[in-house]
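**Q** Pasting protein-v7.txt here (compact mmCIF, C-alpha atoms and all ligand atoms):
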```txt
# COMPACT_ATOMS: atom_id res chain seq x y z
CA MET A 21 -66.29 3.86 56.80
CA VAL A 22 -66.74 2.23 60.20
CA SER A 23 -64.04 2.27 62.87
CA LEU A 24 -61.82 -0.78 63.39
CA ASP A 25 -63.52 -1.37 66.75
CA GLN A 26 -66.72 -2.15 64.91
CA LEU A 27 -65.11 -5.00 63.00
CA PRO A 28 -64.68 -8.53 64.41
CA LEU A 29 -60.89 -8.06 64.39
CA ARG A 30 -58.64 -10.57 66.20
CA PRO A 31 -58.30 -9.28 69.78
CA GLU A 32 -54.49 -9.21 69.69
CA LEU A 33 -54.58 -6.81 66.73
CA ARG A 34 -56.89 -4.31 68.42
CA GLY A 35 -55.33 -0.96 69.24
CA ARG A 36 -52.20 -1.63 67.17
CA THR A 37 -50.74 0.82 64.68
CA PRO A 38 -49.41 -0.33 61.32
CA TYR A 39 -45.68 -0.21 60.61
CA GLY A 40 -44.44 2.76 58.66
CA ALA A 41 -42.02 5.64 58.67
CA PRO A 42 -43.83 8.94 58.11
CA GLN A 43 -43.80 9.59 54.35
CA VAL A 44 -43.00 13.27 54.61
CA PRO A 45 -41.80 15.18 51.55
CA ALA A 46 -38.19 16.28 52.06
CA THR A 47 -35.23 17.17 49.89
CA TYR A 48 -33.05 14.59 51.64
CA ARG A 49 -34.88 11.42 52.69
CA LEU A 50 -32.55 9.74 55.13
CA ASN A 51 -35.14 7.76 57.07
CA THR A 52 -35.57 4.32 55.52
CA ASN A 53 -32.02 3.02 55.02
CA GLU A 54 -32.24 2.71 51.27
CA ASN A 55 -29.20 2.79 49.01
CA PRO A 56 -29.47 6.12 47.11
CA HIS A 57 -27.13 5.10 44.30
CA PRO A 58 -28.85 4.33 41.00
CA LEU A 59 -28.39 0.80 39.67
CA PRO A 60 -25.36 0.37 37.34
CA VAL A 61 -26.34 1.01 33.70
CA GLU A 62 -25.14 -2.43 32.57
CA LEU A 63 -27.48 -4.00 35.11
CA LEU A 64 -30.37 -1.85 33.92
CA ALA A 65 -29.81 -3.10 30.38
CA ASP A 66 -29.77 -6.74 31.51
CA LEU A 67 -32.80 -6.10 33.70
CA GLY A 68 -34.81 -4.74 30.79
CA ALA A 69 -33.88 -7.72 28.62
CA ALA A 70 -34.67 -10.21 31.41
CA LEU A 71 -38.05 -8.63 32.11
CA GLY A 72 -38.90 -8.58 28.41
CA HIS A 73 -38.03 -12.23 28.13
CA ALA A 74 -40.03 -13.17 31.23
CA ALA A 75 -43.00 -11.14 30.00
CA LEU A 76 -43.29 -13.47 27.01
CA GLU A 77 -44.29 -16.21 29.46
CA LEU A 78 -46.60 -14.23 31.72
CA ASN A 79 -49.51 -16.47 30.73
CA ARG A 80 -47.75 -19.22 32.75
CA TYR A 81 -47.33 -19.46 36.50
CA PRO A 82 -43.77 -18.73 37.67
CA ASP A 83 -41.30 -21.36 38.83
CA ARG A 84 -42.95 -22.17 42.16
CA ASP A 85 -39.65 -23.03 43.82
CA ALA A 86 -37.53 -20.29 42.21
CA VAL A 87 -34.83 -22.87 41.58
CA ALA A 88 -32.56 -20.81 39.30
CA LEU A 89 -32.75 -17.72 41.52
CA ARG A 90 -31.93 -19.75 44.62
CA ALA A 91 -28.87 -21.17 42.84
CA ASP A 92 -27.72 -17.62 42.00
CA LEU A 93 -28.22 -16.48 45.59
CA ALA A 94 -26.41 -19.54 46.97
CA HIS A 95 -23.49 -18.74 44.70
CA TYR A 96 -23.43 -15.12 45.90
CA LEU A 97 -23.53 -16.13 49.56
CA SER A 98 -20.81 -18.76 49.10
CA ARG A 99 -18.55 -16.32 47.27
CA THR A 100 -18.93 -13.47 49.74
CA SER A 101 -18.98 -15.41 53.02
CA GLY A 102 -16.44 -18.12 52.23
CA GLU A 103 -18.99 -20.65 53.49
CA ALA A 104 -20.31 -23.18 50.94
CA VAL A 105 -24.08 -22.61 50.70
CA GLU A 106 -26.07 -25.02 48.52
CA PRO A 107 -29.12 -23.92 46.49
CA ALA A 108 -31.29 -26.30 48.56
CA GLN A 109 -30.32 -24.27 51.65
CA VAL A 110 -31.64 -21.02 50.18
CA TRP A 111 -35.21 -19.78 50.07
CA ALA A 112 -36.50 -16.51 48.57
CA ALA A 113 -39.63 -14.41 49.06
CA ASN A 114 -41.07 -10.92 48.59
CA GLY A 115 -38.65 -9.03 50.80
CA SER A 116 -37.09 -10.42 53.94
CA ASN A 117 -40.28 -9.36 55.70
CA GLU A 118 -42.05 -12.19 53.91
CA ILE A 119 -39.20 -14.54 54.76
CA LEU A 120 -39.64 -13.64 58.44
CA GLN A 121 -43.40 -14.10 58.14
CA GLN A 122 -42.98 -17.56 56.65
CA VAL A 123 -40.52 -18.49 59.41
CA LEU A 124 -43.06 -17.41 62.03
CA GLN A 125 -45.88 -19.22 60.25
CA ALA A 126 -43.83 -22.41 60.29
CA PHE A 127 -42.10 -22.17 63.68
CA GLY A 128 -44.25 -19.71 65.64
CA GLY A 129 -48.02 -19.36 65.63
CA ALA A 130 -50.77 -19.80 68.21
CA GLY A 131 -49.52 -20.83 71.63
CA ARG A 132 -45.90 -20.20 70.65
CA ARG A 133 -43.54 -17.36 71.53
CA ALA A 134 -40.87 -15.27 69.84
CA LEU A 135 -38.15 -13.32 71.64
CA GLY A 136 -36.12 -10.41 70.30
CA PHE A 137 -33.62 -8.07 71.90
CA THR A 138 -35.13 -4.61 71.70
CA PRO A 139 -34.62 -1.97 70.50
CA SER A 140 -34.44 -3.83 67.23
CA TYR A 141 -36.32 -4.11 63.95
CA SER A 142 -39.89 -3.16 64.80
CA MET A 143 -41.39 -5.57 62.27
CA HIS A 144 -40.28 -8.60 64.31
CA PRO A 145 -43.00 -8.09 66.95
CA ILE A 146 -45.49 -6.90 64.33
CA ILE A 147 -45.08 -10.00 62.14
CA SER A 148 -45.21 -12.10 65.29
CA ALA A 149 -48.58 -10.57 66.16
CA GLY A 150 -49.81 -11.10 62.61
CA THR A 151 -48.99 -14.79 62.80
CA GLY A 152 -50.53 -15.21 66.27
CA THR A 153 -47.10 -15.66 67.85
CA GLY A 154 -46.61 -14.25 71.36
CA TRP A 155 -43.81 -11.68 71.65
CA VAL A 156 -41.34 -11.11 74.47
CA ASP A 157 -38.93 -8.17 74.64
CA GLY A 158 -35.39 -9.28 75.43
CA HIS A 159 -32.92 -7.04 77.18
CA ARG A 160 -29.99 -4.98 76.00
CA ARG A 161 -27.46 -3.00 78.00
CA ALA A 162 -27.75 0.81 78.14
CA ASP A 163 -25.17 0.99 75.33
CA PHE A 164 -27.49 -1.25 73.24
CA THR A 165 -25.16 -4.27 73.22
CA ILE A 166 -26.53 -7.69 74.17
CA ASP A 167 -25.31 -8.99 77.53
CA VAL A 168 -24.73 -12.61 76.56
CA ASP A 169 -25.25 -14.00 80.09
CA ALA A 170 -28.52 -12.09 80.52
CA ALA A 171 -29.67 -13.17 77.06
CA VAL A 172 -28.89 -16.83 77.71
CA ALA A 173 -30.66 -16.68 81.08
CA GLN A 174 -33.71 -15.12 79.49
CA VAL A 175 -33.80 -17.67 76.68
CA ARG A 176 -33.50 -20.55 79.18
CA GLU A 177 -36.29 -19.14 81.32
CA LEU A 178 -38.74 -18.26 78.54
CA ARG A 179 -38.04 -21.19 76.20
CA PRO A 180 -39.07 -19.22 73.08
CA ASP A 181 -39.87 -21.05 69.86
CA VAL A 182 -38.24 -18.35 67.72
CA VAL A 183 -35.40 -16.01 68.73
CA PHE A 184 -34.50 -12.99 66.61
CA VAL A 185 -30.98 -11.57 66.61
CA THR A 186 -30.57 -8.61 64.25
CA SER A 187 -26.98 -8.20 63.16
CA PRO A 188 -26.07 -5.49 62.36
CA ASN A 189 -28.90 -4.32 64.56
CA ASN A 190 -31.50 -1.84 63.37
CA PRO A 191 -31.86 0.89 64.68
CA THR A 192 -28.62 0.86 66.65
CA GLY A 193 -26.28 -0.29 63.85
CA THR A 194 -23.91 -2.60 65.69
CA ALA A 195 -23.15 -6.18 64.62
CA VAL A 196 -23.56 -8.96 67.19
CA ALA A 197 -20.55 -11.16 68.02
CA LEU A 198 -20.78 -14.72 66.69
CA GLU A 199 -20.11 -16.02 70.22
CA THR A 200 -23.30 -14.29 71.40
CA ILE A 201 -25.28 -15.93 68.60
CA THR A 202 -23.92 -19.40 69.34
CA ALA A 203 -24.57 -18.99 73.07
CA ILE A 204 -28.18 -17.98 72.38
CA HIS A 205 -28.54 -20.83 69.90
CA ASP A 206 -27.21 -23.37 72.39
CA ALA A 207 -29.57 -22.11 75.10
CA THR A 208 -32.76 -22.68 73.07
CA GLU A 209 -34.53 -25.55 71.38
CA GLY A 210 -36.30 -23.10 69.07
CA VAL A 211 -35.08 -21.60 65.82
CA VAL A 212 -32.71 -18.64 65.89
CA VAL A 213 -33.16 -16.11 63.10
CA VAL A 214 -30.15 -13.90 62.49
CA ASP A 215 -31.57 -10.97 60.52
CA GLU A 216 -28.62 -9.83 58.40
CA ALA A 217 -30.43 -7.25 56.27
CA TYR A 218 -27.41 -4.93 56.58
CA ALA A 219 -24.60 -7.53 56.56
CA GLU A 220 -22.82 -6.15 53.50
CA PHE A 221 -22.22 -2.82 55.27
CA ALA A 222 -20.39 -4.35 58.25
CA ARG A 223 -16.96 -3.06 59.16
CA ALA A 224 -13.99 -5.16 58.01
CA GLY A 225 -13.47 -8.32 60.02
CA THR A 226 -17.13 -8.78 60.96
CA PRO A 227 -18.01 -12.35 59.97
CA SER A 228 -21.50 -13.33 58.87
CA ALA A 229 -23.55 -15.87 60.83
CA LEU A 230 -23.53 -17.87 57.59
CA THR A 231 -20.26 -19.29 58.89
CA LEU A 232 -22.21 -20.80 61.81
CA LEU A 233 -24.69 -22.77 59.69
CA PRO A 234 -22.87 -26.12 59.43
CA GLY A 235 -24.13 -28.41 62.21
CA ARG A 236 -26.84 -25.97 63.37
CA PRO A 237 -30.12 -26.94 61.67
CA ARG A 238 -32.13 -24.54 63.85
CA LEU A 239 -30.14 -21.48 62.71
CA ILE A 240 -31.55 -19.25 59.96
CA VAL A 241 -29.76 -16.30 58.34
CA SER A 242 -32.00 -13.85 56.48
CA ARG A 243 -30.78 -11.37 53.88
CA THR A 244 -32.30 -8.88 51.47
CA MET A 245 -31.70 -7.18 48.14
CA SER A 246 -33.32 -4.02 49.54
CA LYS A 247 -30.22 -2.49 51.14
CA ALA A 248 -26.73 -3.19 49.76
CA PHE A 249 -28.09 -4.24 46.36
CA GLY A 250 -30.08 -1.02 46.11
CA MET A 251 -33.23 -2.84 44.97
CA ALA A 252 -35.76 -2.04 47.71
CA GLY A 253 -38.47 -1.61 45.10
CA LEU A 254 -37.97 -5.16 43.82
CA ARG A 255 -39.08 -6.83 47.08
CA LEU A 256 -36.66 -9.69 47.25
CA GLY A 257 -35.47 -11.23 50.48
CA TYR A 258 -33.91 -14.62 51.10
CA LEU A 259 -32.51 -16.90 53.73
CA ALA A 260 -29.87 -19.54 54.16
CA ALA A 261 -30.37 -22.42 56.57
CA ASP A 262 -30.41 -26.20 56.69
CA ALA A 263 -32.32 -27.57 53.68
CA ALA A 264 -34.90 -28.97 56.13
CA VAL A 265 -35.85 -25.39 57.08
CA VAL A 266 -36.53 -24.70 53.40
CA ASP A 267 -38.75 -27.78 53.30
CA ALA A 268 -40.61 -26.49 56.36
CA LEU A 269 -41.26 -23.12 54.75
CA GLN A 270 -42.73 -24.78 51.69
CA LEU A 271 -45.53 -25.97 53.99
CA VAL A 272 -46.65 -22.38 54.60
CA ARG A 273 -45.68 -20.38 51.54
CA LEU A 274 -48.42 -19.46 49.11
CA PRO A 275 -48.16 -21.26 45.80
CA TYR A 276 -46.31 -19.13 43.24
CA HIS A 277 -45.59 -16.48 45.87
CA LEU A 278 -42.66 -15.06 43.90
CA GLY A 279 -43.76 -13.69 40.52
CA SER A 280 -41.84 -14.46 37.36
CA LEU A 281 -40.97 -10.76 36.80
CA THR A 282 -39.52 -10.56 40.32
CA GLN A 283 -37.51 -13.73 39.79
CA ALA A 284 -36.22 -12.52 36.42
CA ALA A 285 -35.24 -9.09 37.77
CA ALA A 286 -33.54 -10.57 40.81
CA ARG A 287 -31.61 -12.99 38.62
CA ALA A 288 -30.18 -10.09 36.62
CA ALA A 289 -28.43 -8.69 39.72
CA PRO A 290 -25.89 -11.35 40.76
CA ALA A 291 -23.96 -10.99 37.49
CA HIS A 292 -23.30 -7.38 38.52
CA THR A 293 -22.50 -7.97 42.16
CA ASP A 294 -19.14 -6.23 41.98
CA ALA A 295 -20.61 -3.04 40.51
CA LEU A 296 -23.48 -3.15 43.00
CA LEU A 297 -21.21 -3.70 45.95
CA ALA A 298 -18.97 -0.83 44.87
CA THR A 299 -21.73 1.48 46.07
CA VAL A 300 -21.55 -0.27 49.44
CA ASP A 301 -17.98 0.95 49.96
CA ALA A 302 -19.05 4.47 49.04
CA VAL A 303 -21.94 4.34 51.52
CA LYS A 304 -19.67 2.96 54.26
CA ALA A 305 -17.29 5.88 53.70
CA GLU A 306 -20.19 8.33 54.17
CA ARG A 307 -21.31 6.48 57.31
CA ASP A 308 -17.82 6.80 58.75
CA ARG A 309 -17.73 10.48 57.79
CA ILE A 310 -20.94 11.04 59.77
CA VAL A 311 -19.59 9.11 62.76
CA GLU A 312 -16.35 11.13 62.73
CA ALA A 313 -18.12 14.50 62.42
CA LEU A 314 -20.56 14.01 65.29
CA PRO A 315 -18.13 14.63 68.20
CA GLN A 316 -17.21 18.01 66.69
CA LEU A 317 -20.88 18.93 67.08
CA GLY A 318 -20.93 17.74 70.67
CA LEU A 319 -22.87 14.61 69.71
CA THR A 320 -22.14 10.92 69.83
CA SER A 321 -23.15 7.76 67.96
CA VAL A 322 -23.50 4.04 68.45
CA PRO A 323 -20.80 2.01 66.58
CA SER A 324 -22.29 1.22 63.18
CA ASP A 325 -21.86 -1.78 60.89
CA ALA A 326 -24.84 -0.67 58.82
CA ASN A 327 -25.79 2.03 56.32
CA PHE A 328 -27.16 4.25 59.06
CA VAL A 329 -26.04 5.90 62.28
CA LEU A 330 -27.93 6.23 65.55
CA PHE A 331 -26.85 9.59 66.93
CA GLY A 332 -27.51 11.61 70.07
CA HIS A 333 -27.71 12.68 72.67
CA VAL A 334 -30.47 15.20 71.96
CA ALA A 335 -32.71 16.68 74.61
CA ASP A 336 -35.92 16.02 72.70
CA ALA A 337 -35.73 13.66 69.71
CA GLY A 338 -39.08 14.85 68.31
CA LYS A 339 -38.00 18.50 68.33
CA ALA A 340 -34.58 17.75 66.83
CA TRP A 341 -36.28 15.61 64.13
CA GLN A 342 -38.55 18.55 63.25
CA ALA A 343 -35.66 21.04 63.25
CA LEU A 344 -33.77 18.83 60.76
CA LEU A 345 -36.88 18.44 58.63
CA ASP A 346 -37.32 22.23 58.62
CA ARG A 347 -33.90 22.26 56.93
CA GLY A 348 -34.96 19.67 54.34
CA VAL A 349 -33.44 16.61 56.02
CA LEU A 350 -35.74 13.75 56.97
CA VAL A 351 -34.26 11.34 59.53
CA ARG A 352 -35.99 8.68 61.64
CA ASP A 353 -37.28 9.14 65.15
CA VAL A 354 -37.15 5.51 66.25
CA GLY A 355 -38.76 6.18 69.61
CA LEU A 356 -35.55 6.04 71.65
CA PRO A 357 -35.37 9.04 74.00
CA GLY A 358 -32.38 11.18 73.06
CA TRP A 359 -31.53 9.37 69.82
CA LEU A 360 -32.28 9.74 66.12
CA ARG A 361 -31.27 7.54 63.18
CA VAL A 362 -29.87 8.86 59.92
CA THR A 363 -29.31 6.83 56.76
CA ALA A 364 -25.86 7.16 55.17
CA GLY A 365 -26.04 7.70 51.43
CA THR A 366 -24.30 10.03 49.00
CA ALA A 367 -21.67 12.65 49.85
CA GLU A 368 -24.22 15.35 49.04
CA GLU A 369 -26.67 13.84 51.53
CA THR A 370 -23.99 13.69 54.21
CA ASP A 371 -23.10 17.34 53.57
CA ALA A 372 -26.74 18.39 53.82
CA PHE A 373 -27.26 16.39 57.01
CA LEU A 374 -24.10 17.67 58.71
CA THR A 375 -24.81 21.27 57.70
CA ALA A 376 -28.36 21.08 59.07
CA LEU A 377 -27.15 19.35 62.19
CA SER A 378 -24.44 21.93 62.82
CA GLU A 379 -27.10 24.64 62.63
CA ILE A 380 -29.30 22.99 65.23
CA ALA A 381 -26.87 20.97 67.38
CA ALA A 382 -26.16 23.66 69.94
CA ASP A 383 -29.86 24.13 70.59
CA HIS A 384 -30.74 20.45 70.82
CA ARG A 385 -27.87 18.41 72.19
CA THR A 386 -27.64 17.36 75.78
CA THR A 387 -25.26 15.26 77.80
CA LEU A 388 -25.96 11.56 78.07
CA GLY A 389 -28.86 10.79 80.35
CA GLU A 390 -30.17 14.32 80.77
CA SER A 391 -33.06 13.90 78.36
CA ASP A 392 -34.23 10.73 80.08
CA ALA A 393 -35.14 12.72 83.17
C1 LIG B 401 -33.33 -5.46 60.15
C2 LIG B 401 -34.25 -5.49 58.97
N1 LIG B 401 -34.69 -6.66 58.53
C3 LIG B 401 -35.51 -6.75 57.48
C4 LIG B 401 -35.94 -5.63 56.81
C5 LIG B 401 -36.93 -5.80 55.69
O1 LIG B 401 -36.36 -5.65 54.48
P1 LIG B 401 -37.07 -6.10 53.14
O2 LIG B 401 -38.43 -6.64 53.47
O3 LIG B 401 -37.12 -4.88 52.30
O4 LIG B 401 -36.19 -7.18 52.59
C6 LIG B 401 -35.51 -4.37 57.21
C7 LIG B 401 -35.95 -3.15 56.51
O5 LIG B 401 -35.69 -2.04 56.85
C8 LIG B 401 -34.64 -4.30 58.33
O6 LIG B 401 -34.21 -3.11 58.79
```
In structure tokens, what does this structure look like?
Ligand SMILES: Cc1ncc(COP(=O)(O)O)c(C=O)c1O
**A**
Amino acid sequence: MVSLDQLPLRPELRGRTPYGAPQVPATYRLNTNENPHPLPVELLADLGAALGHAALELNRYPDRDAVALRADLAHYLSRTSGEAVEPAQVWAANGSNEILQQVLQAFGGAGRRALGFTPSYSMHPIISAGTGTGWVDGHRRADFTIDVDAAVAQVRELRPDVVFVTSPNNPTGTAVALETITAIHDATEGVVVVDEAYAEFARAGTPSALTLLPGRPRLIVSRTMSKAFGMAGLRLGYLAADAAVVDALQLVRLPYHLGSLTQAAARAAPAHTDALLATVDAVKAERDRIVEALPQLGLTSVPSDANFVLFGHVADAGKAWQALLDRGVLVRDVGLPGWLRVTAGTAEETDAFLTALSEIAADHRTTLGESDA
């Protein structure tokens, strides 16, 4: 095998590393924000039947526009957000990563720029690079919140074609106020993508940006079945926006991008939304248990509306990560000095994490700021 340098690779991809959490064997894998609860048995039965039925037609291409699935997803969004979302406003793809890629293919690309407020989801700059879109890091305050005036000023100055706002934000966990989103939207002529991969885990009273869609044709809200729905293996993401955005994405999507088995499996889920979302409440309770236990260990966390908690302050995140792994608990070192991210899952996982953390906390914690020195 030759090295990458010997290939005529696009210059902007040279020297880059691919996305990916280390796939380390561990008893408790709390590093990729999956939902650990198995799918409800009734759903599994429907899923098997739906896949069997779809398999009978595998000699045919799938529904290119996933019409029935989009209607199901529109119904789910309308029911849970209180905002009427029409099927024509919904688009689906292989994970929200593919949704984001299609958005960048349509609205970014060569000579165009995307802006995101880092630290945030690391795939936003990576997909930007893959689509030839320039990337600019936006600013956050030291507490990881977005300073709306600074954000608006930056948007006005840079005039990005695509702005990403992750809410709840990954890896910090906190939802972004709707006023911040509207201010950013009003400051740009580009599209604003609100990445709501974790929306279902938000604390009570946190409205979705879906409520902002009417009258804002440049606003896009992306969602996924990978987190709250516990179907990360399915690869199904979707968005809601003005129907014109859906038309735009059809210019760049590959024909038949969403296989018929994927569409059939995804369509089995909405009928079981209540059972699926019951696990969300259980996960939120574990998240809150982690947040409440941290101060007793001399640690702190960032307010979380997601199924994970960013905790610190540790003197050396790499060493604390290893010490937890030595005790069978795999968390995520997201590259923020002094902080680590843990996924909230089952009660057993929380117990294991807190036990391991209590064993190592005294050796690893530090007061805020010390580890930055
Ligand atoms: C903020 C955010 N957006 C999008 C995704 C991608 O999700 P998927 O492609 O599985 O739908 C993730 C995955 O971790 C995420 O954290």
**Q** Produce as number ranges by chain the set of residues near ligand LIG 401 (chain B), where near means within 9 Å with all atoms listed in the file considered.
**A** A: 52-54, 113-120, 140-144, 186-191, 215-218, 242-247, 251-258
**Q** So that I can check the surroundings of Arg30 of chain A, please list as a PDB file with C-alpha atoms, in the coordinates of the input every protein, DNA and RNA residue that reaches within 12 Å of it, counting only C-alpha atoms and ignoring chain neighbours fewer than 5 positions away.
**A**
```
ATOM      1  CA  LEU A  24     -61.820  -0.780  63.390  1.00  0.00           C
ATOM      2  CA  ASP A  25     -63.520  -1.370  66.750  1.00  0.00           C
ATOM      3  CA  GLY A  35     -55.330  -0.960  69.240  1.00  0.00           C
ATOM      4  CA  ARG A  36     -52.200  -1.630  67.170  1.00  0.00           C
ATOM      5  CA  ALA A 149     -48.580 -10.570  66.160  1.00  0.00           C
ATOM      6  CA  GLY A 150     -49.810 -11.100  62.610  1.00  0.00           C
ATOM      7  CA  THR A 151     -48.990 -14.790  62.800  1.00  0.00           C
ATOM      8  CA  GLY A 152     -50.530 -15.210  66.270  1.00  0.00           C
TER       9      GLY A 152
END
```
**Q** Which of these, A:Leu135, A:Thr192, A:Asp167, A:Gln174, has the shortest distance to Val212 of chain A once you count only C-alpha atoms?
**A**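 Ranking A:Leu135, A:Thr192, A:Asp167, A:Gln174 by distance to Val212 of chain A, first place goes to A:Leu135.
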**Q** Which value, in Å to one decimal, gives the distance between atom CA of Val87 of chain A and atom CA of Trp111 of chain A?
**A**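 That distance, rounded to one decimal, is 9.0 Å.
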**Q** Give the answer as one residue: which of A:Ile380, A:Ala162, A:Val185, A:Leu297 has the shortest atom-to-atom distance to His205 of chain A, using only C-alpha atoms?
**A**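 Answer, going by the shortest atom-to-atom distance: A:Val185.
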**Q** Would you place a box with edges along x, y and z of the file around all atoms of segment 219-223 of chain A listed there, add 4 Å to each of its six sides, and report the centre and edge lengths in Å to one decimal, as AutoDock Vina command-line options?
**A**
```
--center_x -20.8 --center_y -5.2 --center_z 56.3 --size_x 15.6 --size_y 12.7 --size_z 13.7
```
**Q** Can you measure atom CA of Asn55 of chain A to atom CA of Phe137 of chain A for me? One decimal in Å is fine.
**A** 25.7 Å
**Q** Which residues come within 12 Å of Leu233 of chain A, counting all atoms listed in the file, excluding same-chain residues fewer than 3 positions away, as a ChimeraX atom specification?
**A** /A:98,101,103-106,109-110,198,201-202,205,212-214,228-230,236-242,259-263,265
**Q** Could you give me, as a ChimeraX atom specification, the residues within 7 Å of segment 301-312 of chain A, counting only C-alpha atoms and dropping anything in the same chain fewer than 3 positions from it?
**A** /A:221,297-298,315,321,327-329,364-367,370
**Q** I need the residue nearest Val351 of chain A from this list: A:Thr363, A:Thr282, A:Ser378, A:Thr226. Use only C-alpha atoms for the distance.
**A**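 Looking only at the distances to Val351 of chain A, the closest residue turns out to be A:Thr363.
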**Q** One number please: atom CA of Leu50 of chain A to atom CA of Ser148 of chain A, in Å, one decimal.
**A**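 These two atoms are separated by 27.2 Å.
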**Q** Segment 292-343 of chain A near segment 59-66 of chain A within 7 Å: what's each residue's closest atom pair and its distance in Å to one decimal, counting all atoms listed in the file, ordered by chain then ascending residue number, as a Markdown table?
**A**
```
| residue | atom | partner | partner_atom | distance |
| --- | --- | --- | --- | --- |
| A:His292 | CA | A:Leu63 | CA | 6.4 |
| A:Ala295 | CA | A:Pro60 | CA | 6.7 |
| A:Leu296 | CA | A:Pro60 | CA | 6.9 |
```
**Q** Here is a test: counting all atoms listed in the file, which residue of A:Val168, A:Leu281, A:Ala372, A:Ala286 is nearest to Leu78 of chain A?
**A**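 That would be A:Leu281, the residue with the smallest distance to Leu78 of chain A.
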**Q** Of the residues A:Arg84, A:Pro58, A:Arg99, A:Ala91, which is the one nearest to Leu274 of chain A, using all atoms listed in the file?
**A**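 Of A:Arg84, A:Pro58, A:Arg99, A:Ala91, the one nearest Leu274 of chain A, counting all atoms listed in the file, is A:Arg84.
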**Q** Taking all atoms listed in the file into account, name the residue in A:Ala112, A:Pro180, A:Phe164, A:Ala285 that is nearest to Gly131 of chain A.
**A**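 For Gly131 of chain A, the nearest of the given residues is A:Pro180.
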